[in-house]
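Peer 1: Got a file for you: upload_23.json, JSON, C-alpha atoms.
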```
[["chain", "number", "residue", "atom", "x", "y", "z"],
["A", 61, "MET", "CA", 60.73, 151.58, 49.26],
["A", 62, "LYS", "CA", 60.49, 151.23, 45.45],
["A", 63, "ASN", "CA", 56.94, 152.58, 45.30],
["A", 64, "GLY", "CA", 57.84, 155.44, 47.62],
["A", 65, "LEU", "CA", 60.85, 156.34, 45.49],
["A", 66, "ARG", "CA", 58.75, 156.29, 42.33],
["A", 67, "ILE", "CA", 56.30, 158.71, 43.96],
["A", 68, "ALA", "CA", 59.19, 160.84, 45.18],
["A", 69, "CYS", "CA", 60.86, 161.03, 41.79],
["A", 70, "PHE", "CA", 57.54, 161.69, 40.03],
["A", 71, "CYS", "CA", 56.95, 164.61, 42.37],
["A", 72, "LEU", "CA", 60.61, 165.68, 41.98],
["A", 73, "LEU", "CA", 61.12, 165.02, 45.64],
["A", 74, "SER", "CA", 61.44, 166.38, 56.67],
["A", 75, "ALA", "CA", 61.48, 165.08, 59.54],
["A", 76, "ALA", "CA", 62.87, 165.59, 60.66],
["A", 77, "ALA", "CA", 63.06, 167.59, 63.43],
["A", 78, "GLY", "CA", 61.59, 170.93, 64.35],
["A", 79, "SER", "CA", 63.56, 174.06, 64.98],
["A", 80, "ILE", "CA", 64.81, 172.67, 68.28],
["A", 81, "GLY", "CA", 66.91, 170.12, 66.44],
["A", 82, "TYR", "CA", 69.03, 172.63, 64.55],
["A", 83, "GLY", "CA", 70.81, 173.95, 67.59],
["A", 84, "GLN", "CA", 71.07, 170.51, 69.07],
["A", 85, "ALA", "CA", 73.29, 169.32, 66.23],
["A", 86, "ALA", "CA", 75.53, 172.37, 66.20],
["A", 87, "GLY", "CA", 79.17, 171.58, 65.58],
["A", 88, "SER", "CA", 78.39, 167.92, 64.97],
["A", 89, "ALA", "CA", 78.50, 165.88, 61.75],
["A", 90, "ARG", "CA", 76.31, 163.09, 63.08],
["A", 91, "MET", "CA", 73.23, 161.81, 61.31],
["A", 92, "PRO", "CA", 70.16, 164.09, 61.29],
["A", 93, "LEU", "CA", 67.37, 163.40, 63.75],
["A", 94, "ASP", "CA", 64.65, 160.85, 63.00],
["A", 95, "TYR", "CA", 61.48, 162.02, 61.29],
["A", 96, "GLY", "CA", 58.77, 163.25, 63.64],
["A", 97, "GLY", "CA", 55.84, 161.84, 61.71],
["A", 98, "VAL", "CA", 52.58, 163.08, 60.24],
["A", 99, "ASN", "CA", 51.54, 166.41, 61.70],
["A", 100, "VAL", "CA", 49.71, 169.53, 60.62],
["A", 101, "ARG", "CA", 52.93, 171.39, 61.36],
["A", 102, "ILE", "CA", 55.60, 169.89, 59.12],
["A", 103, "ALA", "CA", 59.19, 170.86, 59.77],
["A", 104, "GLY", "CA", 60.56, 169.48, 56.49],
["A", 105, "VAL", "CA", 64.18, 168.37, 56.06],
["A", 106, "PHE", "CA", 66.68, 168.61, 58.88],
["A", 107, "VAL", "CA", 69.70, 170.61, 57.63],
["A", 108, "THR", "CA", 72.76, 169.73, 59.71],
["A", 109, "PRO", "CA", 74.83, 172.88, 60.45],
["A", 110, "VAL", "CA", 78.19, 171.50, 59.29],
["A", 111, "PRO", "CA", 80.92, 173.65, 57.66],
["A", 112, "ASN", "CA", 82.45, 173.38, 54.18],
["A", 113, "ALA", "CA", 79.40, 171.85, 52.49],
["A", 114, "PRO", "CA", 77.42, 174.78, 51.05],
["A", 115, "PHE", "CA", 74.24, 174.20, 49.07],
["A", 116, "SER", "CA", 70.73, 175.44, 48.46],
["A", 117, "ALA", "CA", 67.70, 173.38, 47.46],
["A", 118, "THR", "CA", 63.94, 173.04, 47.44],
["A", 119, "VAL", "CA", 62.07, 170.56, 49.62],
["A", 120, "ASP", "CA", 58.89, 168.94, 48.33],
["A", 121, "ILE", "CA", 56.43, 167.43, 50.82],
["A", 122, "VAL", "CA", 53.51, 165.16, 49.97],
["A", 123, "SER", "CA", 51.13, 164.24, 52.81],
["A", 124, "LYS", "CA", 48.52, 161.54, 52.37],
["A", 125, "GLN", "CA", 46.30, 161.65, 55.45],
["A", 126, "LYS", "CA", 43.88, 158.79, 55.98],
["A", 127, "LEU", "CA", 40.38, 160.07, 56.85],
["A", 128, "PRO", "CA", 37.80, 158.24, 59.01],
["A", 129, "ASP", "CA", 35.79, 157.23, 55.93],
["A", 130, "GLY", "CA", 38.86, 155.53, 54.44],
["A", 131, "SER", "CA", 39.57, 158.18, 51.81],
["A", 132, "LEU", "CA", 42.86, 160.05, 51.50],
["A", 133, "ASN", "CA", 43.36, 163.78, 51.92],
["A", 134, "VAL", "CA", 46.37, 164.58, 49.74],
["A", 135, "ARG", "CA", 48.17, 167.85, 50.45],
["A", 136, "THR", "CA", 51.51, 169.22, 49.33],
["A", 137, "THR", "CA", 53.90, 172.04, 50.09],
["A", 138, "VAL", "CA", 57.43, 173.21, 49.38],
["A", 139, "ALA", "CA", 60.20, 174.84, 51.38],
["A", 140, "HIS", "CA", 63.55, 176.41, 50.56],
["A", 141, "ILE", "CA", 66.68, 175.40, 52.45],
["A", 142, "ALA", "CA", 70.31, 176.54, 52.38],
["A", 143, "ARG", "CA", 73.64, 176.18, 54.16],
["A", 144, "ASP", "CA", 76.81, 178.21, 53.69],
["A", 145, "SER", "CA", 80.46, 177.22, 54.08],
["A", 146, "ALA", "CA", 80.46, 178.42, 57.70],
["A", 147, "GLY", "CA", 77.64, 175.98, 58.51],
["A", 148, "ARG", "CA", 74.90, 178.61, 58.82],
["A", 149, "ILE", "CA", 71.53, 177.18, 57.83],
["A", 150, "TYR", "CA", 68.25, 178.53, 56.54],
["A", 151, "ASN", "CA", 64.98, 176.61, 56.58],
["A", 152, "GLU", "CA", 61.35, 177.57, 56.17],
["A", 153, "ARG", "CA", 57.85, 176.23, 56.63],
["A", 154, "ARG", "CA", 55.00, 176.88, 54.21],
["A", 155, "ALA", "CA", 51.32, 176.07, 54.33],
["A", 156, "LEU", "CA", 50.04, 172.67, 53.22],
["A", 157, "VAL", "CA", 47.80, 173.09, 50.18],
["A", 158, "SER", "CA", 45.66, 170.81, 48.02],
["A", 159, "ALA", "CA", 47.33, 168.86, 45.23],
["A", 160, "ALA", "CA", 45.47, 171.08, 42.74],
["A", 161, "PHE", "CA", 47.07, 174.28, 44.10],
["A", 162, "ARG", "CA", 49.33, 176.17, 41.71],
["A", 163, "GLY", "CA", 52.04, 178.57, 42.78],
["A", 164, "GLU", "CA", 54.11, 178.75, 45.96],
["A", 165, "PRO", "CA", 52.28, 178.19, 49.26],
["A", 166, "THR", "CA", 52.20, 180.94, 51.90],
["A", 167, "LEU", "CA", 55.33, 181.26, 54.00],
["A", 168, "LEU", "CA", 54.45, 180.56, 57.65],
["A", 169, "SER", "CA", 57.86, 180.86, 59.31],
["A", 170, "ALA", "CA", 61.59, 180.73, 58.65],
["A", 171, "HIS", "CA", 64.56, 179.77, 60.76],
["A", 172, "ILE", "CA", 68.23, 180.79, 60.61],
["A", 173, "TYR", "CA", 70.89, 179.19, 62.78],
["A", 174, "ASP", "CA", 74.56, 180.15, 63.13],
["A", 175, "PRO", "CA", 76.63, 177.32, 64.69],
["A", 176, "THR", "CA", 79.57, 179.63, 65.42],
["A", 177, "THR", "CA", 77.52, 181.89, 67.70],
["A", 178, "HIS", "CA", 74.72, 179.36, 68.49],
["A", 179, "LEU", "CA", 72.23, 182.08, 67.59],
["A", 180, "ASN", "CA", 68.74, 180.99, 66.55],
["A", 181, "THR", "CA", 66.64, 183.47, 64.57],
["A", 182, "PHE", "CA", 62.94, 182.74, 63.97],
["A", 183, "LEU", "CA", 61.25, 184.92, 61.35],
["A", 184, "ASP", "CA", 57.52, 185.58, 61.53],
["A", 185, "PRO", "CA", 56.36, 186.93, 58.13],
["A", 186, "PHE", "CA", 52.99, 188.01, 59.55],
["A", 187, "SER", "CA", 54.23, 190.20, 62.41],
["A", 188, "HIS", "CA", 57.62, 190.93, 60.79],
["A", 189, "LEU", "CA", 59.35, 189.97, 64.02],
["A", 190, "ALA", "CA", 62.74, 188.23, 64.20],
["A", 191, "ARG", "CA", 62.93, 186.40, 67.52],
["A", 192, "GLN", "CA", 66.51, 185.66, 68.52],
["A", 193, "SER", "CA", 68.00, 183.51, 71.26],
["A", 194, "VAL", "CA", 71.27, 181.70, 71.89],
["A", 195, "PHE", "CA", 70.86, 177.94, 71.91],
["A", 196, "VAL", "CA", 71.48, 176.21, 75.24],
["A", 197, "GLN", "CA", 71.84, 172.42, 75.06],
["A", 198, "ALA", "CA", 70.53, 171.64, 78.53],
["A", 199, "ARG", "CA", 67.29, 173.56, 77.96],
["A", 200, "GLN", "CA", 66.12, 171.44, 75.05],
["A", 201, "THR", "CA", 67.42, 167.88, 75.35],
["A", 202, "ALA", "CA", 64.06, 166.34, 76.37],
["A", 203, "ALA", "CA", 62.27, 167.83, 73.37],
["A", 204, "ILE", "CA", 63.92, 165.44, 70.88],
["A", 205, "ASP", "CA", 62.75, 162.18, 72.45],
["A", 206, "PRO", "CA", 62.01, 159.95, 69.40],
["A", 207, "THR", "CA", 59.28, 158.03, 71.26],
["A", 208, "LEU", "CA", 57.05, 161.12, 71.36],
["A", 209, "GLY", "CA", 54.47, 162.01, 68.73],
["A", 210, "PRO", "CA", 53.34, 159.26, 66.32],
["A", 211, "HIS", "CA", 55.92, 156.83, 67.77],
["A", 212, "ALA", "CA", 54.52, 157.18, 71.30],
["A", 213, "GLY", "CA", 54.16, 153.84, 73.04],
["A", 214, "GLY", "CA", 56.21, 152.12, 70.35],
["A", 215, "MET", "CA", 59.56, 150.39, 70.31],
["A", 216, "LEU", "CA", 62.15, 150.27, 67.55],
["A", 217, "THR", "CA", 61.82, 146.61, 66.57],
["A", 218, "LYS", "CA", 63.69, 146.46, 63.27],
["A", 219, "GLN", "CA", 66.41, 148.37, 61.50],
["A", 220, "GLU", "CA", 68.01, 147.43, 58.20],
["A", 221, "GLU", "CA", 70.35, 148.93, 55.65],
["A", 222, "LEU", "CA", 68.81, 149.48, 52.22],
["A", 223, "GLY", "CA", 72.06, 149.84, 50.32],
["A", 224, "GLU", "CA", 73.05, 152.70, 48.04],
["A", 225, "GLN", "CA", 71.59, 154.47, 45.02],
["A", 226, "THR", "CA", 72.52, 157.54, 43.02],
["A", 227, "ILE", "CA", 70.06, 160.29, 42.09],
["A", 228, "GLY", "CA", 71.64, 162.73, 39.67],
["A", 229, "ASN", "CA", 75.22, 162.97, 40.85],
["A", 230, "THR", "CA", 74.37, 162.44, 44.51],
["A", 231, "LEU", "CA", 75.07, 159.16, 46.30],
["A", 232, "LEU", "CA", 72.41, 158.13, 48.81],
["A", 233, "ARG", "CA", 72.53, 155.48, 51.53],
["A", 234, "GLY", "CA", 69.25, 154.00, 52.72],
["A", 235, "ILE", "CA", 68.04, 152.74, 56.07],
["A", 236, "LYS", "CA", 64.65, 151.47, 57.22],
["A", 237, "LYS", "CA", 63.36, 151.65, 60.79],
["A", 238, "VAL", "CA", 60.24, 149.85, 61.98],
["A", 239, "TRP", "CA", 58.49, 150.98, 65.16],
["A", 240, "THR", "CA", 55.92, 148.62, 66.69],
["A", 241, "VAL", "CA", 53.14, 150.10, 68.79],
["A", 242, "PRO", "CA", 51.38, 147.39, 70.87],
["A", 243, "ALA", "CA", 47.60, 146.93, 70.72],
["A", 244, "THR", "CA", 47.20, 148.46, 74.18],
["A", 245, "MET", "CA", 48.79, 151.72, 72.99],
["A", 246, "SER", "CA", 47.87, 151.96, 69.30],
["A", 247, "GLY", "CA", 44.27, 153.11, 69.70],
["A", 248, "THR", "CA", 43.16, 150.55, 67.11],
["A", 249, "GLY", "CA", 42.90, 147.41, 69.24],
["A", 250, "ALA", "CA", 45.72, 145.80, 67.26],
["A", 251, "ALA", "CA", 49.49, 146.17, 67.05],
["A", 252, "VAL", "CA", 50.62, 148.79, 64.53],
["A", 253, "GLU", "CA", 53.88, 148.99, 62.60],
["A", 254, "ILE", "CA", 55.22, 152.42, 61.66],
["A", 255, "VAL", "CA", 57.78, 152.28, 58.86],
["A", 256, "ASP", "CA", 60.28, 155.09, 58.35],
["A", 257, "GLN", "CA", 62.70, 154.97, 55.41],
["A", 258, "TYR", "CA", 65.59, 157.38, 55.00],
["A", 259, "TRP", "CA", 67.94, 158.06, 52.09],
["A", 260, "TYR", "CA", 70.98, 159.97, 53.35],
["A", 261, "SER", "CA", 73.55, 161.99, 51.40],
["A", 262, "PRO", "CA", 76.98, 161.79, 53.08],
["A", 263, "ASP", "CA", 78.20, 164.70, 50.92],
["A", 264, "LEU", "CA", 75.42, 167.03, 52.04],
["A", 265, "SER", "CA", 74.88, 165.58, 55.55],
["A", 266, "VAL", "CA", 71.10, 165.62, 55.00],
["A", 267, "TYR", "CA", 68.34, 163.14, 54.19],
["A", 268, "LEU", "CA", 67.37, 163.67, 50.59],
["A", 269, "ILE", "CA", 64.31, 161.42, 50.84],
["A", 270, "VAL", "CA", 62.28, 160.46, 53.91],
["A", 271, "GLN", "CA", 59.18, 158.28, 53.77],
["A", 272, "HIS", "CA", 56.98, 157.90, 56.86],
["A", 273, "ASP", "CA", 54.10, 155.40, 56.80],
["A", 274, "ASP", "CA", 51.71, 154.92, 59.71],
["A", 275, "PRO", "CA", 48.54, 152.88, 58.92],
["A", 276, "ARG", "CA", 46.59, 155.00, 61.42],
["A", 277, "THR", "CA", 47.32, 158.36, 59.82],
["A", 278, "GLY", "CA", 48.74, 157.85, 56.35],
["A", 279, "GLU", "CA", 51.97, 158.54, 54.55],
["A", 280, "GLN", "CA", 54.32, 161.46, 54.10],
["A", 281, "ILE", "CA", 57.17, 161.81, 51.64],
["A", 282, "VAL", "CA", 59.69, 164.58, 52.25],
["A", 283, "ALA", "CA", 62.47, 165.00, 49.71],
["A", 284, "VAL", "CA", 64.92, 167.43, 48.20],
["A", 285, "LYS", "CA", 65.23, 168.64, 44.62],
["A", 286, "ASP", "CA", 67.17, 171.25, 42.62],
["A", 287, "VAL", "CA", 70.33, 170.98, 44.72],
["A", 288, "ASN", "CA", 72.81, 173.78, 43.95],
["A", 289, "ARG", "CA", 76.28, 173.28, 45.45],
["A", 290, "ALA", "CA", 77.29, 176.94, 44.97],
["A", 291, "GLU", "CA", 77.71, 179.23, 47.97],
["A", 292, "PRO", "CA", 74.31, 180.78, 48.83],
["A", 293, "ASP", "CA", 74.00, 184.56, 48.87],
["A", 294, "THR", "CA", 74.76, 185.99, 52.32],
["A", 295, "SER", "CA", 71.37, 187.74, 52.32],
["A", 296, "VAL", "CA", 69.71, 184.34, 52.84],
["A", 297, "PHE", "CA", 71.09, 184.24, 56.40],
["A", 298, "ALA", "CA", 70.39, 187.87, 57.29],
["A", 299, "VAL", "CA", 67.34, 189.32, 59.04],
["A", 300, "PRO", "CA", 65.29, 191.19, 56.39],
["A", 301, "ALA", "CA", 65.40, 194.96, 56.75],
["A", 302, "ARG", "CA", 61.66, 195.27, 57.45],
["A", 303, "TYR", "CA", 61.84, 192.90, 60.47],
["A", 304, "ARG", "CA", 62.18, 194.03, 64.08],
["A", 305, "ILE", "CA", 64.62, 191.97, 66.14],
["A", 306, "VAL", "CA", 63.35, 190.74, 69.50],
["A", 307, "ASP", "CA", 65.88, 189.39, 72.01],
["A", 308, "GLU", "CA", 64.35, 186.35, 73.68],
["A", 309, "ASN", "CA", 67.37, 185.28, 75.72],
["A", 310, "PRO", "CA", 66.42, 184.74, 79.38],
["A", 311, "ALA", "CA", 67.47, 187.43, 81.81],
["A", 312, "PRO", "CA", 70.73, 186.66, 83.71]]
```
Show the structure stored in the file as structure tokens.
Peer 2:
Amino acid sequence: MKNGLRIACFCLLSAAAGSIGYGQAAGSARMPLDYGGVNVRIAGVFVTPVPNAPFSATVDIVSKQKLPDGSLNVRTTVAHIARDSAGRIYNERRALVSAAFRGEPTLLSAHIYDPTTHLNTFLDPFSHLARQSVFVQARQTAAIDPTLGPHAGGMLTKQEELGEQTIGNTLLRGIKKVWTVPATMSGTGAAVEIVDQYWYSPDLSVYLIVQHDDPRTGEQIVAVKDVNRAEPDTSVFAVPARYRIVDENPAP
């Protein structure tokens, strides 16, 4: 992990789980979901909706995709995240851009979740729609199966604690998980090992650094910087005035 951490710190550095995972962890202080792996749609850092731990931060993502000719396609993006004392969370997804890009990438979507009401709000900055629905556990359980996506066909074959380290004033605890995909399932003719490394902040209940390495696709580093422990402004968790709210709850 030393090389990964050096890269992460150099870049001032999810998975992570997609928007489905936010509601799934409502009211629970358990560990965030495992990282989903390299994908064109990157969810970023999973922000657990726990109370009494407000913060805001920026997420940096570096994706190194291995191309058929053996070269690497390096892309980056950022996202802003927040959680208030009530456990409400805000997360966003921005476009992946080249490493040479300057400025803030285009906002593609944003998500707000309120664990007290179980209300999910998905903001679409292109249509200015705010799609809202109340989370229902039974509807979405199958969607978080960790053996889907890049881990498909694999088995968790190794798990080890990496100890503790402190970045700034934040204590992190590390864990490494190795998934082995057999030759018959890997698509390469040989067994493949996928290595996921997580550095978890007990204070914030989030992974501050995640490194995902799959020899078939490349590497992604997702990490958090500029953590502010102050209470975020309430406007962060509100639907912007120019958005039209669409109720997507199923009919009774």
Peer 1: Have a look at CA of Gln125 in chain A and CA of Val255 in chain A and let me know their distance in Å, one decimal.
Peer 2: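 One can read the CA of Gln125 in chain A to CA of Val255 in chain A distance as 15.2 Å.
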Peer 1: Take CA of Tyr260 in chain A and CA of Leu232 in chain A and report the distance between them in Å, one decimal.
Peer 2: 5.1 Å
Peer 1: Between CA of Leu231 in chain A and CA of Thr118 in chain A, what is the distance in Å, rounded to a tenth?
Peer 2: 17.8 Å
Peer 1: Give me the residues within 7 Å of His171 in chain A as a ChimeraX atom specification, counting only C-alpha atoms and dropping any in the same chain fewer than 2 places off.
Peer 2: /A:150-152,169,173,181-183
Peer 1: Pick out the residues sitting within 6 Å of range 277-291 of chain A, and hand them over as a VMD selection string; count only C-alpha atoms, and ignore anything fewer than 3 positions along from it in its own chain.
Peer 2: chain A and resid 73 to 74 114 to 126 144 268 to 274
Peer 1: Take the residues from that selection and write them out as a PDB file, in the coordinates of the input, keeping C-alpha atoms.
Peer 2:
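Output (selection12.pdb):
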```
ATOM      1  CA  LEU A  73      61.120 165.020  45.640  1.00  0.00           C
ATOM      2  CA  SER A  74      61.440 166.380  56.670  1.00  0.00           C
ATOM      3  CA  PRO A 114      77.420 174.780  51.050  1.00  0.00           C
ATOM      4  CA  PHE A 115      74.240 174.200  49.070  1.00  0.00           C
ATOM      5  CA  SER A 116      70.730 175.440  48.460  1.00  0.00           C
ATOM      6  CA  ALA A 117      67.700 173.380  47.460  1.00  0.00           C
ATOM      7  CA  THR A 118      63.940 173.040  47.440  1.00  0.00           C
ATOM      8  CA  VAL A 119      62.070 170.560  49.620  1.00  0.00           C
ATOM      9  CA  ASP A 120      58.890 168.940  48.330  1.00  0.00           C
ATOM     10  CA  ILE A 121      56.430 167.430  50.820  1.00  0.00           C
ATOM     11  CA  VAL A 122      53.510 165.160  49.970  1.00  0.00           C
ATOM     12  CA  SER A 123      51.130 164.240  52.810  1.00  0.00           C
ATOM     13  CA  LYS A 124      48.520 161.540  52.370  1.00  0.00           C
ATOM     14  CA  GLN A 125      46.300 161.650  55.450  1.00  0.00           C
ATOM     15  CA  LYS A 126      43.880 158.790  55.980  1.00  0.00           C
ATOM     16  CA  ASP A 144      76.810 178.210  53.690  1.00  0.00           C
ATOM     17  CA  LEU A 268      67.370 163.670  50.590  1.00  0.00           C
ATOM     18  CA  ILE A 269      64.310 161.420  50.840  1.00  0.00           C
ATOM     19  CA  VAL A 270      62.280 160.460  53.910  1.00  0.00           C
ATOM     20  CA  GLN A 271      59.180 158.280  53.770  1.00  0.00           C
ATOM     21  CA  HIS A 272      56.980 157.900  56.860  1.00  0.00           C
ATOM     22  CA  ASP A 273      54.100 155.400  56.800  1.00  0.00           C
ATOM     23  CA  ASP A 274      51.710 154.920  59.710  1.00  0.00           C
TER      24      ASP A 274
END
```
Peer 1: Which residue is closest to Arg302 in chain A? Choose from A:Gly247, A:Pro185, A:Gly234, A:Gly228 and count all atoms listed in the file.
Peer 2: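 Between A:Gly247, A:Pro185, A:Gly234, A:Gly228, the residue approaching Arg302 in chain A most closely is A:Pro185.
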Peer 1: Env of Met215 in chain A: 7 Å cut, atoms = only C-alpha atoms, seq-sep filter 6 positions within chain, self excluded. Answer as a VMD selection string.
Peer 2: chain A and resid 239 to 241
Peer 1: Mind checking which residues fall within 6 Å of range 107-111 of chain A, counting all atoms listed in the file, ignoring those fewer than 6 positions away in the same chain, and posting them as a list of chain:residue names?
Peer 2: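 Skipping anything fewer than 6 positions along the chain leaves A:Ala86, A:Ser145, A:Ala146, A:Gly147, A:Arg148, A:Val266.
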Peer 1: Working from the structure I just supplied, which lacks atoms in range 164-193 of chain A, can you model N, CA and C atoms there and output them as a compact mmCIF listing (two decimals), in the frame of the given file?
Peer 2:
```
# COMPACT_ATOMS: atom_id res chain seq x y z
N GLU A 164 53.35 179.08 44.75
CA GLU A 164 54.11 178.75 45.96
C GLU A 164 53.25 179.01 47.18
N PRO A 165 53.12 178.02 48.07
CA PRO A 165 52.28 178.19 49.26
C PRO A 165 52.78 179.32 50.16
N THR A 166 51.88 179.83 50.99
CA THR A 166 52.20 180.94 51.90
C THR A 166 53.31 180.57 52.87
N LEU A 167 54.27 181.46 53.02
CA LEU A 167 55.33 181.26 54.00
C LEU A 167 54.78 181.47 55.40
N LEU A 168 54.96 180.47 56.28
CA LEU A 168 54.45 180.56 57.65
C LEU A 168 55.53 180.97 58.64
N SER A 169 56.76 180.51 58.41
CA SER A 169 57.86 180.86 59.31
C SER A 169 59.17 180.49 58.63
N ALA A 170 60.25 181.06 59.14
CA ALA A 170 61.59 180.73 58.65
C ALA A 170 62.54 180.71 59.83
N HIS A 171 63.62 179.94 59.67
CA HIS A 171 64.56 179.77 60.76
C HIS A 171 65.98 179.88 60.23
N ILE A 172 66.80 180.65 60.93
CA ILE A 172 68.23 180.79 60.61
C ILE A 172 69.01 180.37 61.85
N TYR A 173 70.06 179.58 61.63
CA TYR A 173 70.89 179.19 62.78
C TYR A 173 72.36 179.34 62.41
N ASP A 174 73.13 179.95 63.31
CA ASP A 174 74.56 180.15 63.13
C ASP A 174 75.30 179.29 64.16
N PRO A 175 75.97 178.20 63.72
CA PRO A 175 76.63 177.32 64.69
C PRO A 175 77.84 177.94 65.36
N THR A 176 78.41 179.01 64.78
CA THR A 176 79.57 179.63 65.42
C THR A 176 79.18 180.48 66.62
N THR A 177 77.99 181.06 66.58
CA THR A 177 77.52 181.89 67.70
C THR A 177 76.38 181.21 68.46
N HIS A 178 75.87 180.09 67.92
CA HIS A 178 74.72 179.36 68.49
C HIS A 178 73.46 180.22 68.52
N LEU A 179 73.38 181.18 67.62
CA LEU A 179 72.23 182.08 67.59
C LEU A 179 71.13 181.54 66.70
N ASN A 180 69.95 181.36 67.28
CA ASN A 180 68.74 180.99 66.55
C ASN A 180 67.96 182.26 66.21
N THR A 181 67.50 182.37 64.97
CA THR A 181 66.64 183.47 64.57
C THR A 181 65.38 182.90 63.93
N PHE A 182 64.22 183.22 64.48
CA PHE A 182 62.94 182.74 63.97
C PHE A 182 62.19 183.92 63.37
N LEU A 183 61.92 183.82 62.06
CA LEU A 183 61.25 184.92 61.35
C LEU A 183 59.76 184.65 61.25
N ASP A 184 58.97 185.65 61.64
CA ASP A 184 57.52 185.58 61.53
C ASP A 184 57.08 186.55 60.43
N PRO A 185 56.70 186.04 59.25
CA PRO A 185 56.36 186.93 58.13
C PRO A 185 55.06 187.70 58.33
N PHE A 186 54.25 187.32 59.32
CA PHE A 186 52.99 188.01 59.55
C PHE A 186 53.17 189.24 60.46
N SER A 187 53.98 189.08 61.50
CA SER A 187 54.23 190.20 62.41
C SER A 187 55.52 190.94 62.07
N HIS A 188 56.32 190.38 61.15
CA HIS A 188 57.62 190.93 60.79
C HIS A 188 58.53 191.06 62.02
N LEU A 189 58.47 190.04 62.87
CA LEU A 189 59.35 189.97 64.02
C LEU A 189 60.42 188.91 63.77
N ALA A 190 61.64 189.19 64.24
CA ALA A 190 62.74 188.23 64.20
C ALA A 190 63.13 187.92 65.64
N ARG A 191 62.66 186.78 66.13
CA ARG A 191 62.93 186.40 67.52
C ARG A 191 64.27 185.69 67.61
N GLN A 192 65.16 186.20 68.44
CA GLN A 192 66.51 185.66 68.52
C GLN A 192 66.82 185.16 69.93
N SER A 193 67.54 184.04 69.99
CA SER A 193 68.00 183.51 71.26
C SER A 193 69.21 182.61 71.00
```
